[in-house]
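Participant: Before I ask anything, here is the structure I am working with.
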Amino acid sequence: MSTRTERLVLERPTAAHADALFAISSDPRVWTHLPSGRHTDVAQTRADIERWQRSWDLIGLGTWTVSLPGGSVIGYGGCSHQGAYWNIGYRLSPEHQGRGYATEVALAGMEHAREADPSLPRVAYLLEHNAASGRVARRLGLELAWRGPDASVPGVRLVYADRPLTPEQLSAVQH
């Protein structure tokens, strides 16, 4: 599936995107808020693409490859199905950060997620010191649903959502 926003081309990731996405995912500037997330081998990126493809096969929606018109891949993002909720996420090359692209791809993902299954909340979870992602979450109209310690990495986790979360949904987001 491919879709367009005002400035972006969003398409289902394929193996052909691996090198471009690895260049982004391996750039330490992309991971200043979570250095342990940086890819060190293209196999990690390929595994992400395979996981995203499974979501597309099962649900009909998943993470997109984000490109500029003309074909230059600048990142990935959108909404992915996580069982009890839709996860809003994005990762953009440093050269394309700060231009509103994260908000643009996240809004498109939220719209498609609402169409695919409106019963599930749309959620963004991020580390508190990732101020840029916090600004994007608020621009999306999400409200802070939880703040507390992260179970997997040092730091404070923030959970933003488009509606109040049930205890079960909040538990699913935290794990």
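By order of appearance in the structure tokens: chains A, B, ..., then residues from 1 within every chain, and ligands from 1 in the order shown.
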Which polymer residues have any atom within 9 Å of an atom of stretch 82-89 of chain A, counting only C-alpha atoms, with same-chain residues fewer than 3 positions away left out, as a PyMOL selection string?

Facilitator: chain A and resi 63+76-79+102+105-107+109-110+113+117+119-125+137+168-170+172-173

Participant: Of the candidates A:His17, A:Gly155, A:Asp162, A:Asn130, which one gets nearest to A:Leu142 if we count only C-alpha atoms?

Facilitator: A:Asp162

Participant: Would you pick out the contacts of A:Pro69 at 12 Å or less, using only C-alpha atoms, so that residues sharing its chain but fewer than 6 positions from it are not included, and give the list as a list in words?

Facilitator: Thr3, Arg4, Thr5, Glu6, Arg7, Leu8, Val9, Leu10 and Glu11 of chain A

Participant: Let me see the file: selected residues, C-alpha atoms, as a PDB file, in the first residue's frame.

Facilitator:
```
ATOM      1  CA  THR A   3      -0.233   6.778   0.193  1.00  0.00           C
ATOM      2  CA  ARG A   4       0.750  10.403  -0.049  1.00  0.00           C
ATOM      3  CA  THR A   5       0.592  13.295   2.322  1.00  0.00           C
ATOM      4  CA  GLU A   6       1.095  16.908   1.385  1.00  0.00           C
ATOM      5  CA  ARG A   7       4.878  16.447   1.156  1.00  0.00           C
ATOM      6  CA  LEU A   8       5.627  12.739   1.600  1.00  0.00           C
ATOM      7  CA  VAL A   9       5.263   9.387  -0.117  1.00  0.00           C
ATOM      8  CA  LEU A  10       4.473   6.593   2.340  1.00  0.00           C
ATOM      9  CA  GLU A  11       4.786   3.004   1.212  1.00  0.00           C
TER      10      GLU A  11
END
```

Participant: Any idea what's packed within 10 Å of stretch 30-43 of chain A, counting only C-alpha atoms, ignoring anything in its chain fewer than 5 positions away? Could you give it as a list in words?

Facilitator: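 Here the answer would be Ala18, Asp19, Ala20, Leu21, Phe22, Ala23, Ile24, Ser25, Asp48, Ile49, Arg91, Leu92, Ser93, Pro94, Glu95, Gln97, Leu126, Leu127, Glu128, His129, Asn130, Ala131, Val153, Pro154 and Gly155 of chain A.
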
Participant: Mind dumping the selected residues with N, CA and C atoms as a compact mmCIF listing (two decimals), in the first residue's frame?

Facilitator:
```txt
# COMPACT_ATOMS: atom_id res chain seq x y z
N ALA A 18 16.13 -1.74 2.53
CA ALA A 18 16.99 -2.08 3.67
C ALA A 18 18.22 -1.17 3.77
N ASP A 19 18.92 -0.95 2.70
CA ASP A 19 20.15 -0.15 2.78
C ASP A 19 19.86 1.30 3.18
N ALA A 20 18.84 1.88 2.60
CA ALA A 20 18.50 3.27 2.93
C ALA A 20 18.03 3.38 4.38
N LEU A 21 17.22 2.42 4.83
CA LEU A 21 16.75 2.47 6.21
C LEU A 21 17.86 2.16 7.20
N PHE A 22 18.79 1.28 6.82
CA PHE A 22 19.94 1.01 7.69
C PHE A 22 20.80 2.26 7.85
N ALA A 23 20.99 3.01 6.79
CA ALA A 23 21.78 4.24 6.88
C ALA A 23 21.19 5.19 7.93
N ILE A 24 19.88 5.23 8.01
CA ILE A 24 19.21 6.07 9.00
C ILE A 24 19.29 5.44 10.39
N SER A 25 18.95 4.16 10.49
CA SER A 25 18.90 3.48 11.78
C SER A 25 20.27 3.27 12.42
N ASP A 48 13.52 -5.67 11.14
CA ASP A 48 12.44 -4.69 11.31
C ASP A 48 11.51 -4.71 10.10
N ILE A 49 12.09 -4.71 8.91
CA ILE A 49 11.29 -4.71 7.69
C ILE A 49 10.41 -5.97 7.63
N ARG A 91 10.98 7.52 12.65
CA ARG A 91 12.41 7.75 12.75
C ARG A 91 12.82 8.39 11.42
N LEU A 92 13.44 9.55 11.51
CA LEU A 92 13.82 10.31 10.31
C LEU A 92 15.30 10.61 10.31
N SER A 93 15.88 10.72 9.12
CA SER A 93 17.29 11.09 9.02
C SER A 93 17.49 12.46 9.66
N PRO A 94 18.64 12.68 10.25
CA PRO A 94 18.88 13.97 10.91
C PRO A 94 18.68 15.16 9.98
N GLU A 95 19.02 15.00 8.71
CA GLU A 95 18.87 16.09 7.75
C GLU A 95 17.42 16.47 7.50
N GLN A 97 14.94 16.16 10.03
CA GLN A 97 14.26 16.42 11.30
C GLN A 97 13.99 17.90 11.44
N LEU A 126 7.38 7.38 24.76
CA LEU A 126 8.68 7.96 24.51
C LEU A 126 9.39 8.21 25.82
N LEU A 127 10.68 8.39 25.73
CA LEU A 127 11.45 8.75 26.91
C LEU A 127 11.30 10.25 27.16
N GLU A 128 11.17 10.60 28.42
CA GLU A 128 10.90 11.99 28.79
C GLU A 128 11.94 12.96 28.24
N HIS A 129 13.20 12.56 28.19
CA HIS A 129 14.23 13.48 27.71
C HIS A 129 14.22 13.64 26.19
N ASN A 130 13.35 12.93 25.49
CA ASN A 130 13.19 13.10 24.04
C ASN A 130 12.14 14.20 23.81
N ALA A 131 12.57 15.42 24.03
CA ALA A 131 11.65 16.57 24.00
C ALA A 131 10.98 16.74 22.64
N VAL A 153 14.74 0.34 29.79
CA VAL A 153 15.92 1.19 29.68
C VAL A 153 15.89 2.23 30.80
N PRO A 154 17.05 2.77 31.17
CA PRO A 154 17.05 3.81 32.19
C PRO A 154 16.30 5.05 31.70
N GLY A 155 15.55 5.64 32.58
CA GLY A 155 14.86 6.87 32.23
C GLY A 155 13.39 6.83 32.58
```

Participant: DSSP on the backbone, strand (DSSP E or B) only: what residues of stretch 18-158 of chain A does that give? Format it as a PyMOL selection string.

Facilitator: chain A and resi 64-67+73-81+86-92+122-127+143-149+156-158

Participant: Restricting it to C-alpha atoms, dump the selection as a PDB file, in the first residue's frame.

Facilitator:
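What landed in again_34.pdb:
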```pdb
ATOM      1  CA  TRP A  64       5.692   2.888   6.195  1.00  0.00           C
ATOM      2  CA  THR A  65       8.924   3.797   4.472  1.00  0.00           C
ATOM      3  CA  VAL A  66       8.895   7.598   4.268  1.00  0.00           C
ATOM      4  CA  SER A  67      10.205   9.186   1.067  1.00  0.00           C
ATOM      5  CA  VAL A  73      14.021   7.643   1.518  1.00  0.00           C
ATOM      6  CA  ILE A  74      14.179   9.870   4.586  1.00  0.00           C
ATOM      7  CA  GLY A  75      12.895   7.493   7.280  1.00  0.00           C
ATOM      8  CA  TYR A  76      10.070   5.297   8.445  1.00  0.00           C
ATOM      9  CA  GLY A  77       6.960   5.739  10.533  1.00  0.00           C
ATOM     10  CA  GLY A  78       3.215   5.553  10.966  1.00  0.00           C
ATOM     11  CA  CYS A  79       1.085   3.327  13.188  1.00  0.00           C
ATOM     12  CA  SER A  80       1.702  -0.306  13.976  1.00  0.00           C
ATOM     13  CA  HIS A  81      -0.792  -2.671  15.564  1.00  0.00           C
ATOM     14  CA  TRP A  86      -1.871   1.319  17.831  1.00  0.00           C
ATOM     15  CA  ASN A  87       1.714   2.462  18.336  1.00  0.00           C
ATOM     16  CA  ILE A  88       2.581   5.778  16.721  1.00  0.00           C
ATOM     17  CA  GLY A  89       6.237   5.912  15.762  1.00  0.00           C
ATOM     18  CA  TYR A  90       8.712   7.436  13.354  1.00  0.00           C
ATOM     19  CA  ARG A  91      12.413   7.751  12.746  1.00  0.00           C
ATOM     20  CA  LEU A  92      13.818  10.311  10.311  1.00  0.00           C
ATOM     21  CA  ARG A 122      -3.535   5.411  19.300  1.00  0.00           C
ATOM     22  CA  VAL A 123      -0.523   5.711  21.586  1.00  0.00           C
ATOM     23  CA  ALA A 124       2.909   7.310  21.527  1.00  0.00           C
ATOM     24  CA  TYR A 125       5.388   6.223  24.172  1.00  0.00           C
ATOM     25  CA  LEU A 126       8.682   7.958  24.515  1.00  0.00           C
ATOM     26  CA  LEU A 127      11.455   8.750  26.906  1.00  0.00           C
ATOM     27  CA  GLU A 143      -2.687  13.722  26.041  1.00  0.00           C
ATOM     28  CA  LEU A 144      -0.316  12.454  28.680  1.00  0.00           C
ATOM     29  CA  ALA A 145      -1.794   9.194  30.010  1.00  0.00           C
ATOM     30  CA  TRP A 146       1.093   8.003  32.183  1.00  0.00           C
ATOM     31  CA  ARG A 147       4.543   8.980  33.415  1.00  0.00           C
ATOM     32  CA  GLY A 148       6.860   6.583  35.205  1.00  0.00           C
ATOM     33  CA  PRO A 149       9.990   4.455  35.144  1.00  0.00           C
ATOM     34  CA  VAL A 156      11.325   8.104  32.609  1.00  0.00           C
ATOM     35  CA  ARG A 157       8.756   6.895  30.088  1.00  0.00           C
ATOM     36  CA  LEU A 158       5.856   9.071  28.956  1.00  0.00           C
TER      37      LEU A 158
END
```

Participant: Taking the DSSP secondary structure from the backbone, can you list the residues of chain A that are helix (DSSP H, G or I), as an MDAnalysis selection string?

Facilitator: chainID A and resid 15:25 28:31 35:37 42:59 94:96 101:116 131:139 167:174

Participant: Suppose you want the space between atom CA of A:Leu61 and atom CA of A:Arg12; what is it in Å?

Facilitator: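 Computing the Euclidean distance for atom CA of A:Leu61 and atom CA of A:Arg12 yields 8.5 Å.
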
Participant: Point out the residue among A:Gly141, A:Pro164, A:Pro13, A:Gly98 with the least atom-to-atom distance to A:Gln53, counting only C-alpha atoms.

Facilitator: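 Of all the options, A:Pro13 lies closest to A:Gln53.
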
Participant: Just give me the gap between atom CA of A:Arg114 and atom CA of A:Ile59 in Å, one decimal is fine.

Facilitator: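 Value for the atom CA of A:Arg114-atom CA of A:Ile59 distance: 12.6 Å.
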
Participant: In Å, rounded to a single decimal, give me how far atom CA of A:Ala15 is from atom CA of A:Gln44.

Facilitator: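 Computing it gives 12.2 Å between the two atoms.
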